[in-house]
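Here's the structure, in structure tokens; my notes come after.
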Protein chains: 2
Amino acid sequence: MKRQAYFISDRTGITAETLGQGLLSQFPAIEFERRTFRYVDSVDKARFIVDEILSLAAEGGRPIVMSTLIEDEIREVFNHPRVMLVDLFGVFIGPLEEELDTASSHKVGHTHGRVDDVSYAERIDAINYTIGHDDGLNTRHYDRADVILVGVSRSGKTPTSLYMAMQYGIKVANYPLTEDDLMNGDLPRSLQSYRAKLFGLSIAPERLTQIRSERMSDSRYASLRQCQAEVENAEALFRKYAITHIDVTQMSVEEIATTLIDRLHLD
Amino acid sequence: MKRQAYFISDRTGITAETLGQGLLSQFPAIEFERRTFRYVDSVDKARFIVDEILSLAAEGGRPIVMSTLIEDEIREVFNHPRVMLVDLFGVFIGPLEEELDTASSHKVGHTHGRVDDVSYAERIDAINYTIGHDDGLNTRHYDRADVILVGVSRSGKTPTSLYMAMQYGIKVANYPLTEDDLMNGDLPRSLQSYRAKLFGLSIAPERLTQIRSERMSDSRYASLRQCQAEVENAEALFRKYAITHIDVTQMSVEEIATTLIDRLHLD
């Protein structure tokens, strides 16, 4: 039997989804049917949603409502006996008010934290740099890069670069190690002056062949033999030039990005 | 006096930072000095961090530790009388176990929720599409777009497009309305067959002039007069062709993206 779970927010719902999904994933035996309601910023909207949730409620158990709602009045609407309210925000306000000896503002605001530390202009600059230096483009401007990711094709360089630029305002170039580069065994000329900025991404050949096959199945490019050879040569290159590298096989883009930030002391 | 606040996670720290910062922003009168510790995945690491936190603790009050740590043993290290532990995760596990009548797994895992719903291949495809169709590039492939963002230069099209591609696997093209397009008053030819996919971004001229001035101050391009004329003409175009549009002046990239998803029923 599926259990209904709702993520409810007065803003984007991203925090409710992320923390809520983290909590639900602690119960792998239960299958949840999930849905997000964003921008729930009035009591009327909240009442409408509660009615809808209750009308859909299965017999198996109360729907679970995971909320990051800030305003008491709106949140109270979900405090209903036929709903399990998981109040991801409000629960902590009381203890914090006591600890800080200050009343909270109870205001919905721009609460991005992390991203607000980086100015909009910095993020835009970083995004433009990163798009312009994706996949080995414009290698002459590497002096402006904060980091240069290197790795074989489909090792995750592009999404990682963009994530770091967007979320942290870091200028990330990325350079794909081609078969020619790898056969040669030397660091490509355009990278040689920037060894201190290089960071290698490595990946298990079995995973690489799977990713490449999604687009080009039965190709030489996607074959396990080819992937094994490329990864082996890339790792040899990383070792030869003492390039810091990580195995990204089991990692999400967010994990690769934050690991890099930690390793390179970029924050 | 500054108050110390720490975000502590066994993974990326993104949830701890986002929710934690949201909570702290409810206390605008207090200045917090924030720091994130990521990948805290052993009792030893936790002990090392607690020691560091306590050694830095100011006289003004206990440091606040906001944790999304999953494993009880690691989290317990921060349950220290000289620390205020805000346990963003553990607090909810007990009530959920009771409600669901199931023991939780207490395991650190890939708990991305939202993003895990979209396959890696879909996200990569969307990113590649979006990079290749940024800023009016390749208008001939708009049949493959899920959405086409239109707006004047610097209205937020590029970061919004990339965010939607990366986080939700949505293929987003974007097309800048140039002065020629705007003077003309007609929808550019390349957009005419795709009116159903268009979504307009509008912005207050005062904010636009500020953004443009960060890069090109004292230029005609950045002048308030020019920004006013462009925004006015763009809005006239949106109305003439009944293009759904929103005012992004006060919105973050995440807010624009999730608002679009809601409006266009993309999730």
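Chain identifiers are assigned as A, B, and so on, following the order in which chains appear in the structure tokens; residues are numbered from 1 within each chain, and ligands are numbered from 1 in order of appearance.
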Enumerate, in order of chain and increasing residue number, the residues of chain B with an atom no farther than 8 Å from chain A, each with its shortest atom pair and distance in Å to one decimal, counting only C-alpha atoms, as a Markdown table.
| residue | atom | partner | partner_atom | distance |
| --- | --- | --- | --- | --- |
| B:Arg11 | CA | A:Glu255 | CA | 7.3 |
| B:Thr12 | CA | A:Glu255 | CA | 5.6 |
| B:Thr15 | CA | A:Leu19 | CA | 6.4 |
| B:Glu17 | CA | A:Arg114 | CA | 6.5 |
| B:Thr18 | CA | A:Gly113 | CA | 5.9 |
| B:Leu19 | CA | A:Thr15 | CA | 6.4 |
| B:Gln21 | CA | A:Gly113 | CA | 4.9 |
| B:Gly22 | CA | A:Thr111 | CA | 4.7 |
| B:Leu23 | CA | A:Ile93 | CA | 7.1 |
| B:Ser25 | CA | A:Thr111 | CA | 6.5 |
| B:Gln26 | CA | A:Ser104 | CA | 5.1 |
| B:Phe27 | CA | A:Ser104 | CA | 5.2 |
| B:Pro28 | CA | A:Ser105 | CA | 7.5 |
| B:Arg38 | CA | A:Asp262 | CA | 7.8 |
| B:Met84 | CA | A:Glu99 | CA | 7.8 |
| B:Val86 | CA | A:Phe92 | CA | 7.2 |
| B:Leu88 | CA | A:Leu88 | CA | 7.5 |
| B:Phe89 | CA | A:Leu23 | CA | 7.1 |
| B:Phe92 | CA | A:Val86 | CA | 7.2 |
| B:Ile93 | CA | A:Leu23 | CA | 7.1 |
| B:Glu99 | CA | A:Met84 | CA | 7.8 |
| B:Thr102 | CA | A:Phe27 | CA | 7.3 |
| B:Ala103 | CA | A:Phe27 | CA | 7.3 |
| B:Ser104 | CA | A:Gln26 | CA | 5.1 |
| B:Ser105 | CA | A:Gln26 | CA | 5.1 |
| B:His106 | CA | A:Gln26 | CA | 6.2 |
| B:Lys107 | CA | A:Gln26 | CA | 6.8 |
| B:Thr111 | CA | A:Gly22 | CA | 4.8 |
| B:His112 | CA | A:Thr18 | CA | 6.0 |
| B:Gly113 | CA | A:Gln21 | CA | 4.9 |
| B:Arg114 | CA | A:Glu17 | CA | 6.5 |
| B:Ala121 | CA | A:Glu214 | CA | 7.1 |
| B:Ile124 | CA | A:Pro159 | CA | 7.2 |
| B:Ile127 | CA | A:Pro159 | CA | 7.4 |
| B:Ile131 | CA | A:Ile131 | CA | 7.0 |
| B:Pro159 | CA | A:Met166 | CA | 7.1 |
| B:Leu162 | CA | A:Leu162 | CA | 8.0 |
| B:Tyr163 | CA | A:Met166 | CA | 7.9 |
| B:Met166 | CA | A:Pro159 | CA | 7.2 |
| B:Ile211 | CA | A:Ala121 | CA | 7.3 |
| B:Glu214 | CA | A:Ala121 | CA | 7.1 |
| B:Glu254 | CA | A:Thr12 | CA | 6.8 |
| B:Glu255 | CA | A:Thr12 | CA | 5.7 |
| B:Thr258 | CA | A:Thr12 | CA | 5.9 |
| B:Thr259 | CA | A:Thr12 | CA | 7.7 |
| B:Asp262 | CA | A:Arg38 | CA | 7.8 |
Generate a file of the selected residues that holds C-alpha atoms, formatted as a tab-separated table (two decimals), in the first residue's frame.
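And here is the file that came out, part-v6.tsv:
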chain	number	residue	atom	x	y	z
B	11	ARG	CA	26.91	14.55	3.11
B	12	THR	CA	26.96	17.78	1.10
B	15	THR	CA	20.12	20.87	3.36
B	17	GLU	CA	22.79	25.17	5.14
B	18	THR	CA	19.46	25.92	3.49
B	19	LEU	CA	17.16	25.04	6.37
B	21	GLN	CA	20.05	29.61	7.22
B	22	GLY	CA	16.27	29.89	6.90
B	23	LEU	CA	15.95	29.48	10.66
B	25	SER	CA	17.20	34.53	9.12
B	26	GLN	CA	14.22	34.63	11.48
B	27	PHE	CA	16.54	36.44	13.89
B	28	PRO	CA	17.65	39.45	11.86
B	38	ARG	CA	30.60	18.52	5.24
B	84	MET	CA	23.16	24.15	21.31
B	86	VAL	CA	19.58	21.89	16.53
B	88	LEU	CA	17.23	19.03	11.92
B	89	PHE	CA	16.94	15.35	11.10
B	92	PHE	CA	11.53	13.73	13.24
B	93	ILE	CA	12.64	10.11	13.06
B	99	GLU	CA	3.31	6.94	12.62
B	102	THR	CA	8.34	0.82	11.14
B	103	ALA	CA	11.92	1.14	12.37
B	104	SER	CA	14.05	3.54	10.34
B	105	SER	CA	17.19	2.32	8.63
B	106	HIS	CA	19.47	4.98	10.15
B	107	LYS	CA	21.57	4.81	7.06
B	111	THR	CA	18.76	11.11	-0.31
B	112	HIS	CA	18.31	13.65	-3.04
B	113	GLY	CA	14.64	13.12	-3.52
B	114	ARG	CA	13.61	15.45	-6.23
B	121	ALA	CA	20.91	10.81	-18.70
B	124	ILE	CA	22.74	15.59	-19.08
B	127	ILE	CA	22.02	20.50	-19.89
B	131	ILE	CA	23.88	25.15	-23.31
B	159	PRO	CA	20.76	31.00	-15.03
B	162	LEU	CA	20.47	26.05	-16.59
B	163	TYR	CA	18.88	25.57	-13.18
B	166	MET	CA	20.22	20.62	-14.07
B	211	ILE	CA	22.54	44.64	-13.15
B	214	GLU	CA	27.80	46.05	-12.84
B	254	GLU	CA	15.32	29.00	-7.76
B	255	GLU	CA	12.09	30.94	-7.36
B	258	THR	CA	9.93	26.63	-9.55
B	259	THR	CA	7.33	29.25	-10.47
B	262	ASP	CA	4.17	25.37	-11.39
### Message
Considering only strand (DSSP E) as DSSP defines it on the backbone, what residues of segment 109-200 of chain A qualify? List them as a ChimeraX atom specification.
### Response
/A:147-151,172-176,198-200
Put those residues in a file: N, CA, C and O atoms, as a CSV table (one decimal), in the first residue's frame.
chain,number,residue,atom,x,y,z
A,147,VAL,N,39.1,26.8,-11.2
A,147,VAL,CA,39.4,25.4,-11.2
A,147,VAL,C,39.3,24.9,-12.7
A,147,VAL,O,38.5,25.5,-13.4
A,148,ILE,N,40.1,23.9,-13.0
A,148,ILE,CA,40.0,23.3,-14.4
A,148,ILE,C,39.8,21.8,-14.1
A,148,ILE,O,40.6,21.1,-13.6
A,149,LEU,N,38.6,21.3,-14.5
A,149,LEU,CA,38.3,19.9,-14.3
A,149,LEU,C,38.8,19.1,-15.5
A,149,LEU,O,38.6,19.6,-16.7
A,150,VAL,N,39.4,18.0,-15.3
A,150,VAL,CA,39.9,17.2,-16.4
A,150,VAL,C,39.4,15.7,-16.2
A,150,VAL,O,39.2,15.3,-15.0
A,151,GLY,N,39.1,15.1,-17.3
A,151,GLY,CA,38.6,13.7,-17.2
A,151,GLY,C,38.2,13.2,-18.5
A,151,GLY,O,38.1,14.0,-19.5
A,172,VAL,N,34.6,27.7,-13.4
A,172,VAL,CA,35.2,26.3,-13.6
A,172,VAL,C,35.3,26.1,-15.1
A,172,VAL,O,34.3,26.1,-15.8
A,173,ALA,N,36.5,25.8,-15.6
A,173,ALA,CA,36.7,25.4,-17.0
A,173,ALA,C,36.7,23.8,-16.9
A,173,ALA,O,37.0,23.2,-15.9
A,174,ASN,N,36.4,23.2,-18.0
A,174,ASN,CA,36.6,21.8,-18.0
A,174,ASN,C,37.2,21.3,-19.4
A,174,ASN,O,36.9,21.9,-20.4
A,175,TYR,N,38.1,20.3,-19.3
A,175,TYR,CA,38.8,19.9,-20.4
A,175,TYR,C,38.7,18.4,-20.6
A,175,TYR,O,39.1,17.6,-19.6
A,176,PRO,N,38.2,17.9,-21.7
A,176,PRO,CA,38.1,16.5,-21.9
A,176,PRO,C,39.4,15.8,-22.3
A,176,PRO,O,40.0,16.3,-23.3
A,198,LEU,N,44.3,22.2,-11.7
A,198,LEU,CA,43.7,21.0,-12.3
A,198,LEU,C,43.1,20.1,-11.2
A,198,LEU,O,43.6,20.0,-10.1
A,199,PHE,N,42.0,19.5,-11.5
A,199,PHE,CA,41.3,18.5,-10.6
A,199,PHE,C,40.8,17.5,-11.5
A,199,PHE,O,40.0,17.7,-12.5
A,200,GLY,N,41.1,16.2,-11.2
A,200,GLY,CA,40.7,15.1,-12.1
A,200,GLY,C,39.5,14.4,-11.6
A,200,GLY,O,39.3,14.2,-10.4
### Task
Have a look at atom CA of Phe7 of chain B and atom CA of Phe7 of chain A and let me know their distance in Å, one decimal.
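Going from atom CA of Phe7 of chain B over to atom CA of Phe7 of chain A covers 22.4 Å.
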### Query
By how many Å are atom CA of Val248 of chain A and atom CA of Ser153 of chain A apart?
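Going from atom CA of Val248 of chain A over to atom CA of Ser153 of chain A, I get 13.2 Å.
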### Message
Residues near Ser193 of chain B, anyone? I mean within 12 Å using only C-alpha atoms, not counting same-chain ones fewer than 5 positions away, as a list of chain:residue names.
### Response
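Close residues of Ser193 of chain B: B:Thr139, B:Arg140, B:His141, B:Tyr142, B:Asp143, B:Ile148, B:Leu187, B:Pro188, B:Leu198.
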Serialized selection, N, CA and C atoms, as a PDB file, in the first residue's frame:
ATOM      1  N   THR B 139      18.211  28.412 -33.262  1.00  0.00           N
ATOM      2  CA  THR B 139      16.762  28.575 -33.155  1.00  0.00           C
ATOM      3  C   THR B 139      16.013  27.540 -33.996  1.00  0.00           C
ATOM      4  N   ARG B 140      16.741  26.842 -34.856  1.00  0.00           N
ATOM      5  CA  ARG B 140      16.047  25.852 -35.699  1.00  0.00           C
ATOM      6  C   ARG B 140      15.645  24.598 -34.932  1.00  0.00           C
ATOM      7  N   HIS B 141      16.198  24.408 -33.720  1.00  0.00           N
ATOM      8  CA  HIS B 141      15.873  23.181 -32.993  1.00  0.00           C
ATOM      9  C   HIS B 141      14.862  23.417 -31.878  1.00  0.00           C
ATOM     10  N   TYR B 142      14.056  24.460 -31.997  1.00  0.00           N
ATOM     11  CA  TYR B 142      13.117  24.767 -30.919  1.00  0.00           C
ATOM     12  C   TYR B 142      12.003  23.733 -30.788  1.00  0.00           C
ATOM     13  N   ASP B 143      11.838  22.887 -31.801  1.00  0.00           N
ATOM     14  CA  ASP B 143      10.844  21.811 -31.669  1.00  0.00           C
ATOM     15  C   ASP B 143      11.190  20.877 -30.515  1.00  0.00           C
ATOM     16  N   ILE B 148      10.704  27.822 -23.951  1.00  0.00           N
ATOM     17  CA  ILE B 148      11.606  28.827 -24.512  1.00  0.00           C
ATOM     18  C   ILE B 148      11.417  30.123 -23.724  1.00  0.00           C
ATOM     19  N   LEU B 187       6.682  39.501 -33.062  1.00  0.00           N
ATOM     20  CA  LEU B 187       7.402  38.370 -32.500  1.00  0.00           C
ATOM     21  C   LEU B 187       8.460  37.928 -33.520  1.00  0.00           C
ATOM     22  N   PRO B 188       9.731  37.751 -33.087  1.00  0.00           N
ATOM     23  CA  PRO B 188      10.751  37.309 -34.038  1.00  0.00           C
ATOM     24  C   PRO B 188      10.285  36.047 -34.772  1.00  0.00           C
ATOM     25  N   LEU B 198       6.502  29.552 -25.265  1.00  0.00           N
ATOM     26  CA  LEU B 198       7.173  30.778 -24.820  1.00  0.00           C
ATOM     27  C   LEU B 198       6.784  31.156 -23.404  1.00  0.00           C
TER      28      LEU B 198
END
